[in-house]
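This is start.txt (compact mmCIF, C-alpha atoms (C1' of nucleotides)).
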# COMPACT_ATOMS: atom_id res chain seq x y z
CA MET A 6 113.40 -56.10 -139.54
CA ARG A 7 111.05 -58.48 -141.31
CA ILE A 8 109.86 -61.49 -139.27
CA ALA A 9 107.80 -64.25 -140.87
CA SER A 10 105.94 -67.38 -139.76
CA TRP A 11 105.17 -70.35 -141.99
CA ASN A 12 103.78 -73.84 -141.40
CA ILE A 13 105.67 -75.70 -144.09
CA ASN A 14 104.18 -79.21 -143.63
CA GLY A 15 107.44 -81.16 -143.79
CA ILE A 16 110.94 -79.71 -144.24
CA LYS A 17 112.09 -82.48 -146.59
CA ALA A 18 109.19 -81.98 -148.98
CA ARG A 19 109.35 -78.17 -148.82
CA LEU A 20 113.08 -77.41 -148.85
CA ALA A 21 113.18 -76.16 -152.46
CA VAL A 22 110.12 -73.94 -152.02
CA ILE A 23 111.44 -72.44 -148.78
CA THR A 24 114.90 -71.64 -150.14
CA ALA A 25 113.36 -70.14 -153.29
CA TRP A 26 111.15 -67.91 -151.16
CA LEU A 27 114.03 -66.89 -148.88
CA GLU A 28 116.15 -65.94 -151.90
CA GLN A 29 113.29 -63.86 -153.27
CA GLU A 30 112.04 -62.17 -150.07
CA LYS A 31 115.10 -62.24 -147.82
CA PRO A 32 113.21 -61.93 -144.51
CA ASP A 33 115.44 -61.37 -141.47
CA MET A 34 113.73 -64.19 -139.59
CA LEU A 35 111.56 -67.13 -140.60
CA CYS A 36 109.80 -69.25 -138.00
CA LEU A 37 108.79 -72.71 -139.24
CA GLN A 38 106.17 -75.11 -137.92
CA GLU A 39 105.58 -78.77 -138.74
CA ILE A 40 109.17 -79.48 -139.77
CA LYS A 41 108.38 -83.21 -139.21
CA SER A 42 112.06 -83.92 -138.65
CA VAL A 43 114.42 -84.73 -135.82
CA ASP A 44 117.09 -82.11 -135.14
CA GLU A 45 119.90 -84.30 -136.56
CA ASN A 46 118.19 -84.58 -139.96
CA PHE A 47 117.17 -80.93 -140.34
CA PRO A 48 118.92 -79.48 -143.43
CA ARG A 49 120.82 -76.62 -141.79
CA GLN A 50 123.37 -76.03 -144.52
CA PRO A 51 121.03 -74.64 -147.23
CA PHE A 52 119.83 -72.01 -144.76
CA GLU A 53 123.25 -71.24 -143.31
CA SER A 54 124.45 -70.66 -146.88
CA LEU A 55 121.76 -67.99 -147.19
CA GLY A 56 123.04 -66.28 -144.05
CA TYR A 57 120.68 -67.69 -141.44
CA ASN A 58 121.45 -69.00 -137.97
CA VAL A 59 119.36 -72.13 -137.37
CA GLN A 60 117.77 -73.43 -134.16
CA THR A 61 115.42 -76.41 -134.20
CA HIS A 62 113.16 -78.29 -131.81
CA GLY A 63 112.21 -81.40 -133.72
CA GLN A 64 110.60 -84.79 -133.22
CA LYS A 65 110.29 -87.90 -135.36
CA GLY A 66 107.53 -87.81 -137.95
CA PHE A 67 105.27 -85.13 -136.52
CA ASN A 68 105.21 -81.56 -135.27
CA GLY A 69 108.55 -79.78 -134.79
CA VAL A 70 109.45 -76.08 -134.95
CA ALA A 71 112.50 -74.10 -136.03
CA ILE A 72 113.75 -70.53 -136.23
CA LEU A 73 115.97 -69.24 -139.06
CA SER A 74 117.48 -65.88 -138.12
CA LYS A 75 120.04 -63.57 -139.68
CA LEU A 76 120.58 -62.09 -136.21
CA PRO A 77 122.47 -64.47 -133.92
CA PHE A 78 120.58 -66.06 -131.02
CA ASP A 79 121.43 -64.68 -127.58
CA GLU A 80 119.29 -67.37 -125.96
CA THR A 81 117.11 -70.26 -127.12
CA HIS A 82 114.33 -72.04 -125.20
CA ARG A 83 112.62 -75.28 -126.25
CA GLY A 84 109.31 -76.73 -125.12
CA LEU A 85 106.33 -75.42 -123.17
CA GLU A 86 106.67 -75.77 -119.43
CA GLY A 87 103.95 -77.03 -117.12
CA ASP A 88 103.59 -80.72 -118.05
CA GLU A 89 106.60 -83.01 -117.73
CA ASN A 90 104.71 -85.75 -119.63
CA ASP A 91 104.26 -83.60 -122.74
CA LYS A 92 106.93 -84.73 -125.21
CA GLN A 93 105.54 -83.02 -128.32
CA ALA A 94 107.84 -80.45 -129.96
CA ARG A 95 105.64 -77.40 -130.39
CA LEU A 96 107.48 -74.35 -129.03
CA ILE A 97 110.86 -72.71 -129.61
CA GLU A 98 111.82 -69.23 -128.47
CA GLY A 99 114.76 -67.01 -129.33
CA VAL A 100 116.09 -63.84 -127.74
CA PHE A 101 117.90 -61.33 -129.96
CA SER A 102 119.80 -58.07 -129.53
CA THR A 103 119.78 -54.99 -131.69
CA ALA A 104 121.14 -51.47 -131.27
CA SER A 105 117.70 -50.51 -129.98
CA GLY A 106 117.59 -53.27 -127.37
CA ALA A 107 116.58 -56.92 -127.00
CA PHE A 108 113.47 -58.59 -128.30
CA ARG A 109 111.98 -62.04 -127.96
CA VAL A 110 110.26 -64.27 -130.53
CA CYS A 111 108.29 -67.35 -129.47
CA ASN A 112 107.34 -69.71 -132.30
CA ILE A 113 104.48 -72.16 -131.60
CA TYR A 114 102.63 -75.00 -133.30
CA LEU A 115 99.50 -75.13 -131.19
CA PRO A 116 97.73 -78.53 -131.14
CA ASN A 117 94.94 -79.08 -133.66
CA GLY A 118 92.63 -80.68 -131.09
CA ASN A 119 90.33 -82.69 -133.32
CA PRO A 120 88.25 -84.65 -132.81
CA ALA A 121 86.39 -82.60 -130.21
CA PRO A 122 85.45 -83.59 -127.65
CA GLY A 123 88.18 -86.12 -126.95
CA GLU A 124 91.69 -86.61 -125.63
CA LYS A 125 93.24 -84.45 -128.34
CA PHE A 126 90.86 -81.60 -127.61
CA THR A 127 91.63 -81.82 -123.89
CA TYR A 128 95.34 -81.71 -124.75
CA LYS A 129 94.78 -78.60 -126.88
CA LEU A 130 92.92 -76.77 -124.10
CA ASP A 131 95.51 -77.78 -121.49
CA TRP A 132 98.27 -76.62 -123.83
CA MET A 133 96.54 -73.25 -124.25
CA ASP A 134 96.19 -72.88 -120.48
CA ARG A 135 99.92 -73.56 -120.09
CA LEU A 136 100.64 -71.09 -122.91
CA HIS A 137 98.60 -68.49 -121.04
CA ASP A 138 100.78 -68.91 -117.94
CA PHE A 139 103.91 -68.72 -120.10
CA VAL A 140 102.75 -65.49 -121.75
CA VAL A 141 102.01 -63.93 -118.34
CA SER A 142 105.61 -64.64 -117.35
CA ARG A 143 106.94 -63.14 -120.60
CA LEU A 144 104.84 -59.98 -120.39
CA LYS A 145 106.29 -59.31 -116.93
CA LEU A 146 109.63 -58.78 -118.68
CA GLU A 147 108.17 -55.70 -120.41
CA GLU A 148 110.27 -56.22 -123.52
CA PRO A 149 109.18 -56.48 -127.16
CA PHE A 150 107.70 -59.98 -127.35
CA ILE A 151 106.27 -61.62 -130.47
CA LEU A 152 104.19 -64.78 -130.08
CA LEU A 153 103.73 -66.20 -133.55
CA GLY A 154 103.01 -69.41 -135.39
CA ASP A 155 100.26 -71.83 -136.32
CA PHE A 156 97.69 -71.35 -133.55
CA ASN A 157 95.10 -73.71 -135.05
CA ILE A 158 92.50 -71.15 -133.97
CA ILE A 159 89.97 -69.39 -136.21
CA PRO A 160 89.40 -66.25 -134.13
CA ALA A 161 86.07 -65.13 -135.64
CA ASP A 162 83.53 -65.70 -138.42
CA ILE A 163 85.39 -63.32 -140.72
CA ASP A 164 88.43 -65.58 -140.51
CA CYS A 165 86.83 -68.40 -142.48
CA HIS A 166 85.10 -68.60 -145.84
CA SER A 167 82.22 -70.66 -144.53
CA PRO A 168 81.66 -70.43 -140.74
CA LYS A 169 78.91 -73.03 -140.68
CA ASP A 170 81.43 -75.62 -141.92
CA TRP A 171 83.52 -75.03 -138.80
CA TYR A 172 80.94 -75.13 -136.02
CA GLY A 173 81.96 -77.85 -133.58
CA ASP A 174 85.51 -78.06 -134.95
CA ALA A 175 88.38 -77.79 -132.45
CA LEU A 176 89.71 -74.76 -134.38
CA PHE A 177 86.46 -72.86 -133.90
CA ARG A 178 84.81 -74.18 -130.76
CA PRO A 179 83.98 -71.70 -127.98
CA GLU A 180 86.48 -73.30 -125.58
CA SER A 181 89.29 -72.65 -128.10
CA ALA A 182 88.18 -69.13 -129.06
CA GLU A 183 87.76 -68.22 -125.40
CA ARG A 184 91.36 -69.16 -124.63
CA PHE A 185 92.62 -67.23 -127.65
CA ARG A 186 90.70 -64.16 -126.45
CA ALA A 187 92.20 -64.66 -122.99
CA LEU A 188 95.66 -64.27 -124.56
CA LEU A 189 94.58 -61.04 -126.26
CA ASN A 190 93.08 -59.85 -122.98
CA LEU A 191 96.52 -60.13 -121.39
CA GLY A 192 97.48 -57.25 -123.65
CA LEU A 193 98.63 -58.97 -126.85
CA THR A 194 97.63 -57.47 -130.20
CA ASP A 195 96.51 -59.64 -133.14
CA ALA A 196 98.70 -57.82 -135.67
CA LEU A 197 96.77 -58.77 -138.81
CA ARG A 198 93.34 -57.98 -137.38
CA ALA A 199 94.60 -54.68 -135.98
CA THR A 200 95.30 -53.43 -139.50
CA THR A 201 92.40 -54.74 -141.60
CA SER A 202 88.81 -55.87 -141.19
CA GLU A 203 89.02 -57.87 -144.43
CA PRO A 204 89.34 -61.67 -144.56
CA SER A 205 92.99 -62.72 -144.84
CA TYR A 206 93.31 -66.47 -144.94
CA THR A 207 96.57 -68.29 -144.23
CA PHE A 208 95.47 -71.91 -144.89
CA TRP A 209 93.63 -73.65 -147.70
CA ASP A 210 93.08 -77.42 -147.48
CA PHE A 211 94.68 -79.62 -150.13
CA GLN A 212 91.32 -81.30 -150.63
CA SER A 213 88.11 -80.39 -152.41
CA GLY A 214 89.59 -77.57 -154.47
CA ALA A 215 89.74 -75.36 -151.40
CA TRP A 216 92.34 -73.03 -152.95
CA ARG A 217 90.45 -72.73 -156.24
CA LYS A 218 87.29 -71.85 -154.32
CA ASN A 219 89.15 -69.60 -151.85
CA ASN A 220 87.74 -71.76 -149.09
CA GLY A 221 90.38 -70.74 -146.55
CA ILE A 222 90.83 -69.98 -142.87
CA ARG A 223 93.06 -67.60 -140.88
CA ILE A 224 94.86 -69.67 -138.26
CA ASP A 225 98.47 -68.39 -138.45
CA HIS A 226 98.96 -65.33 -136.29
CA LEU A 227 101.42 -62.75 -134.97
CA LEU A 228 100.48 -61.63 -131.47
CA LEU A 229 102.41 -58.65 -130.12
CA SER A 230 103.22 -57.40 -126.65
CA PRO A 231 102.65 -53.66 -126.20
CA ARG A 232 106.31 -52.89 -126.85
CA ALA A 233 106.32 -55.04 -129.98
CA ALA A 234 103.07 -53.50 -131.20
CA ASP A 235 104.71 -50.08 -130.90
CA ARG A 236 107.39 -51.21 -133.34
CA ILE A 237 105.36 -52.83 -136.15
CA SER A 238 104.75 -50.81 -139.29
CA ASN A 239 103.19 -53.33 -141.68
CA ILE A 240 101.93 -56.90 -141.91
CA ARG A 241 101.19 -59.06 -144.94
CA VAL A 242 100.09 -62.56 -145.83
CA HIS A 243 101.97 -64.08 -148.79
CA LYS A 244 98.87 -65.62 -150.33
CA GLU A 245 100.55 -66.08 -153.71
CA LEU A 246 102.69 -68.93 -152.38
CA ARG A 247 99.64 -71.19 -152.17
CA GLY A 248 99.68 -71.16 -155.99
CA TRP A 249 103.34 -72.18 -156.34
CA ASP A 250 104.42 -75.70 -157.31
CA LYS A 251 104.59 -78.16 -154.38
CA PRO A 252 103.01 -75.67 -151.95
CA SER A 253 102.41 -76.10 -148.26
CA ASP A 254 98.73 -75.84 -147.29
CA HIS A 255 99.73 -72.76 -145.23
CA VAL A 256 101.33 -69.52 -146.50
CA PRO A 257 103.76 -67.18 -144.70
CA ILE A 258 102.60 -64.22 -142.63
CA GLU A 259 105.22 -61.50 -142.20
CA GLY A 260 105.53 -58.33 -140.10
CA ASP A 261 107.86 -55.33 -140.51
CA PHE A 262 109.38 -54.10 -137.25
CA ASP A 263 111.61 -51.12 -136.59
CA PHE A 264 114.21 -53.07 -134.69
C1' DA B 19 82.58 -85.98 -146.75
C1' DT B 20 86.24 -88.99 -139.22
C1' DG B 21 89.88 -88.31 -145.25
C1' DC B 22 88.36 -86.15 -151.46
C1' DC B 23 95.04 -84.52 -150.66
C1' DG B 24 99.56 -84.65 -149.07
C1' DG B 25 103.38 -85.76 -145.90
C1' DG B 26 105.19 -88.85 -142.43
C1' DT B 27 107.20 -93.80 -141.59
C1' DA B 28 108.77 -97.51 -143.95
C1' DC B 29 108.12 -100.46 -148.13
C1' DG B 30 102.28 -101.94 -147.29
C1' DA B 31 99.27 -99.68 -145.12
C1' DC B 32 98.32 -96.70 -141.50
C1' DC B 33 98.86 -92.23 -138.76
C1' DC B 34 98.16 -87.32 -138.89
C1' DG B 35 96.56 -82.87 -140.37
C1' DA B 36 92.41 -78.69 -140.11
Rewrite the coordinates I just gave you, this time as structure tokens.
Amino acid sequence: MRIASWNINGIKARLAVITAWLEQEKPDMLCLQEIKSVDENFPRQPFESLGYNVQTHGQKGFNGVAILSKLPFDETHRGLEGDENDKQARLIEGVFSTASGAFRVCNIYLPNGNPAPGEKFTYKLDWMDRLHDFVVSRLKLEEPFILLGDFNIIPADIDCHSPKDWYGDALFRPESAERFRALLNLGLTDALRATTSEPSYTFWDFQSGAWRKNNGIRIDHLLLSPRAADRISNIRVHKELRGWDKPSDHVPIEGDFDF
DNA sequence: ATGCCGGGTACGACCCGA
């Protein structure tokens, strides 16, 4: 089973690119971030025609996440618990069954947090603390659990072309990195970093010729519970998509699992 | 480079992203 994550920066603007990629790669599951659409306006039919079940958690104009899955959804959960005043659509989770048992995929669009310090940075850190509590509850289930998406976290110097450009940024500040490490310390595996010590960027800014200069960052991640880590055989970043026409500023990251 | 691009809303600018 191939499971991918992709921040597509607007479903309306990216529909043609996404369907072209799905027809070419045929992943079993694609988790989208930044759909920037309400649920009613999400174009379900093009994906259903390609054999995907569609679940969305949208909001007007900003944010929004969705899961496209060839396997049917046993359960779906929307939103991150812990703050009844948080209305931003940044988390959707699906539970799926296979012959080898159930597994769970949680798709997140973690807040950017800039400028830091400030209200947005505080929101990011609070969101990460709530995510930590959520992950603790999921790990207690002792099932294969994949936490994936756009984390808006650069885990280490190797994950950006030019670390000095990122000092003080909400994606790279110690408070952010510390909370990311706390997730790993719960027992989650950073799937990409577990398989290579090379840089492997997932985002290149639209501005300043970042793609041409390979001035990228690695901020899209697959984190695996122990039982999910046991099942992964390969992981890849589809860097080539950044060079397609009408690209997103992010590219897909995809893992191969034996369920 | 607190905005160089690109997408959103809405139809002229302004908000947001990383």
Region 172-190 of chain A: axis-aligned bounding box, 3 Å on each side, centre and edge lengths in Å, one decimal, as JSON:
{"center_x": 88.3, "center_y": -69.0, "center_z": -129.5, "size_x": 20.7, "size_y": 24.2, "size_z": 19.0}
What are the closest atom pairs, with distances in Å to one decimal, for all residues of chain B lying within 9 Å of chain A? Consider only C-alpha atoms (C1' of nucleotides), order rows by chain and residue number, and present the result as JSON lines.
{"residue": "B:DT20", "atom": "C1'", "partner": "A:Pro120", "partner_atom": "CA", "distance": 8.0}
{"residue": "B:DG21", "atom": "C1'", "partner": "A:Gln212", "partner_atom": "CA", "distance": 9.0}
{"residue": "B:DC22", "atom": "C1'", "partner": "A:Gln212", "partner_atom": "CA", "distance": 5.7}
{"residue": "B:DC23", "atom": "C1'", "partner": "A:Gln212", "partner_atom": "CA", "distance": 4.9}
{"residue": "B:DG24", "atom": "C1'", "partner": "A:Phe211", "partner_atom": "CA", "distance": 7.1}
{"residue": "B:DG25", "atom": "C1'", "partner": "A:Gly15", "partner_atom": "CA", "distance": 6.5}
{"residue": "B:DG26", "atom": "C1'", "partner": "A:Gly66", "partner_atom": "CA", "distance": 5.2}
{"residue": "B:DT27", "atom": "C1'", "partner": "A:Gly66", "partner_atom": "CA", "distance": 7.0}
{"residue": "B:DC34", "atom": "C1'", "partner": "A:Phe67", "partner_atom": "CA", "distance": 7.8}
{"residue": "B:DG35", "atom": "C1'", "partner": "A:Asn117", "partner_atom": "CA", "distance": 7.9}
{"residue": "B:DA36", "atom": "C1'", "partner": "A:Asn117", "partner_atom": "CA", "distance": 6.9}
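Minimum atom-to-atom distances from A:Ala21, A:Cys36, A:Ile72, A:Ile151 to Pro51 (chain A) were compared using all atoms listed in the file, and the lowest value belongs to A:Ala21.
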Taking (85.9, -71.7, -140.8) in the file's own coordinates, collect the residues within 10 Å, counting all atoms listed in the file, and hand them back as a short mmCIF file (atom, residue, chain, number, x, y, z; two decimals) with C-alpha atoms (C1' of nucleotides), in the coordinates of the input.
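Ended up saving to result20.cif:
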data_model
loop_
_atom_site.label_atom_id
_atom_site.label_comp_id
_atom_site.auth_asym_id
_atom_site.auth_seq_id
_atom_site.Cartn_x
_atom_site.Cartn_y
_atom_site.Cartn_z
CA ILE A 158 92.50 -71.15 -133.97
CA ILE A 159 89.97 -69.39 -136.21
CA PRO A 160 89.40 -66.25 -134.13
CA ALA A 161 86.07 -65.13 -135.64
CA ASP A 162 83.53 -65.70 -138.42
CA ILE A 163 85.39 -63.32 -140.72
CA ASP A 164 88.43 -65.58 -140.51
CA CYS A 165 86.83 -68.40 -142.48
CA HIS A 166 85.10 -68.60 -145.84
CA SER A 167 82.22 -70.66 -144.53
CA PRO A 168 81.66 -70.43 -140.74
CA LYS A 169 78.91 -73.03 -140.68
CA ASP A 170 81.43 -75.62 -141.92
CA TRP A 171 83.52 -75.03 -138.80
CA TYR A 172 80.94 -75.13 -136.02
CA ASP A 174 85.51 -78.06 -134.95
CA LEU A 176 89.71 -74.76 -134.38
CA PHE A 177 86.46 -72.86 -133.90
CA TYR A 206 93.31 -66.47 -144.94
CA ASN A 220 87.74 -71.76 -149.09
CA GLY A 221 90.38 -70.74 -146.55
CA ILE A 222 90.83 -69.98 -142.87
CA ARG A 223 93.06 -67.60 -140.88
CA ILE A 224 94.86 -69.67 -138.26
"C1'" DA B 36 92.41 -78.69 -140.11
#
So how far away is CA of Asn112 (chain A) from CA of Glu39 (chain A), in Å? 11.3 Å
Would you mind listing what lies within 12 Å of His137 (chain A) as a ChimeraX atom specification, with only C-alpha atoms (C1' of nucleotides) counted and same-chain residues fewer than 2 positions away left out? /A:85-87,130-135,139-144,152,183-193
Hey, could you patch up region 52-77 of chain A with N, CA and C atoms and hand it over as a compact mmCIF listing (two decimals), in the frame of the given file?
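Heads up, here's the output in part-v1.txt:
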# COMPACT_ATOMS: atom_id res chain seq x y z
N PHE A 52 120.24 -73.26 -145.39
CA PHE A 52 119.83 -72.01 -144.76
C PHE A 52 121.04 -71.22 -144.27
N GLU A 53 122.03 -71.93 -143.75
CA GLU A 53 123.25 -71.24 -143.31
C GLU A 53 123.94 -70.58 -144.51
N SER A 54 123.86 -71.24 -145.66
CA SER A 54 124.45 -70.66 -146.88
C SER A 54 123.78 -69.36 -147.27
N LEU A 55 122.50 -69.23 -146.89
CA LEU A 55 121.76 -67.99 -147.19
C LEU A 55 121.92 -66.95 -146.09
N GLY A 56 122.74 -67.27 -145.08
CA GLY A 56 123.04 -66.28 -144.05
C GLY A 56 122.21 -66.39 -142.79
N TYR A 57 121.53 -67.52 -142.62
CA TYR A 57 120.68 -67.69 -141.44
C TYR A 57 121.35 -68.55 -140.37
N ASN A 58 121.18 -68.13 -139.11
CA ASN A 58 121.45 -69.00 -137.97
C ASN A 58 120.22 -69.90 -137.80
N VAL A 59 120.45 -71.15 -137.41
CA VAL A 59 119.36 -72.13 -137.37
C VAL A 59 119.26 -72.75 -135.98
N GLN A 60 118.05 -72.72 -135.41
CA GLN A 60 117.77 -73.43 -134.16
C GLN A 60 116.51 -74.25 -134.37
N THR A 61 116.56 -75.52 -133.97
CA THR A 61 115.42 -76.41 -134.20
C THR A 61 114.97 -77.05 -132.89
N HIS A 62 113.70 -77.44 -132.88
CA HIS A 62 113.16 -78.29 -131.81
C HIS A 62 112.27 -79.31 -132.51
N GLY A 63 112.89 -80.44 -132.86
CA GLY A 63 112.21 -81.40 -133.72
C GLY A 63 111.74 -82.64 -132.98
N GLN A 64 111.00 -83.47 -133.71
CA GLN A 64 110.60 -84.79 -133.22
C GLN A 64 110.35 -85.66 -134.44
N LYS A 65 110.38 -86.97 -134.24
CA LYS A 65 110.29 -87.90 -135.36
C LYS A 65 108.88 -87.92 -135.95
N GLY A 66 108.78 -87.60 -137.23
CA GLY A 66 107.53 -87.81 -137.95
C GLY A 66 106.50 -86.71 -137.88
N PHE A 67 106.36 -86.09 -136.71
CA PHE A 67 105.27 -85.13 -136.52
C PHE A 67 105.78 -83.83 -135.88
N ASN A 68 104.97 -82.81 -136.00
CA ASN A 68 105.21 -81.56 -135.27
C ASN A 68 106.60 -80.99 -135.59
N GLY A 69 107.21 -80.34 -134.62
CA GLY A 69 108.55 -79.78 -134.79
C GLY A 69 108.51 -78.34 -135.26
N VAL A 70 109.38 -77.51 -134.64
CA VAL A 70 109.45 -76.08 -134.95
C VAL A 70 110.90 -75.67 -135.10
N ALA A 71 111.13 -74.58 -135.82
CA ALA A 71 112.50 -74.10 -136.03
C ALA A 71 112.47 -72.59 -136.24
N ILE A 72 113.60 -71.95 -135.94
CA ILE A 72 113.75 -70.53 -136.23
C ILE A 72 115.02 -70.34 -137.07
N LEU A 73 114.85 -69.66 -138.21
CA LEU A 73 115.97 -69.24 -139.06
C LEU A 73 116.12 -67.74 -138.85
N SER A 74 117.32 -67.29 -138.47
CA SER A 74 117.48 -65.88 -138.12
C SER A 74 118.82 -65.33 -138.59
N LYS A 75 118.79 -64.22 -139.29
CA LYS A 75 120.04 -63.57 -139.68
C LYS A 75 120.75 -62.98 -138.46
N LEU A 76 119.98 -62.50 -137.48
CA LEU A 76 120.58 -62.09 -136.21
C LEU A 76 120.97 -63.33 -135.43
N PRO A 77 122.12 -63.32 -134.75
CA PRO A 77 122.47 -64.47 -133.92
C PRO A 77 121.54 -64.59 -132.71
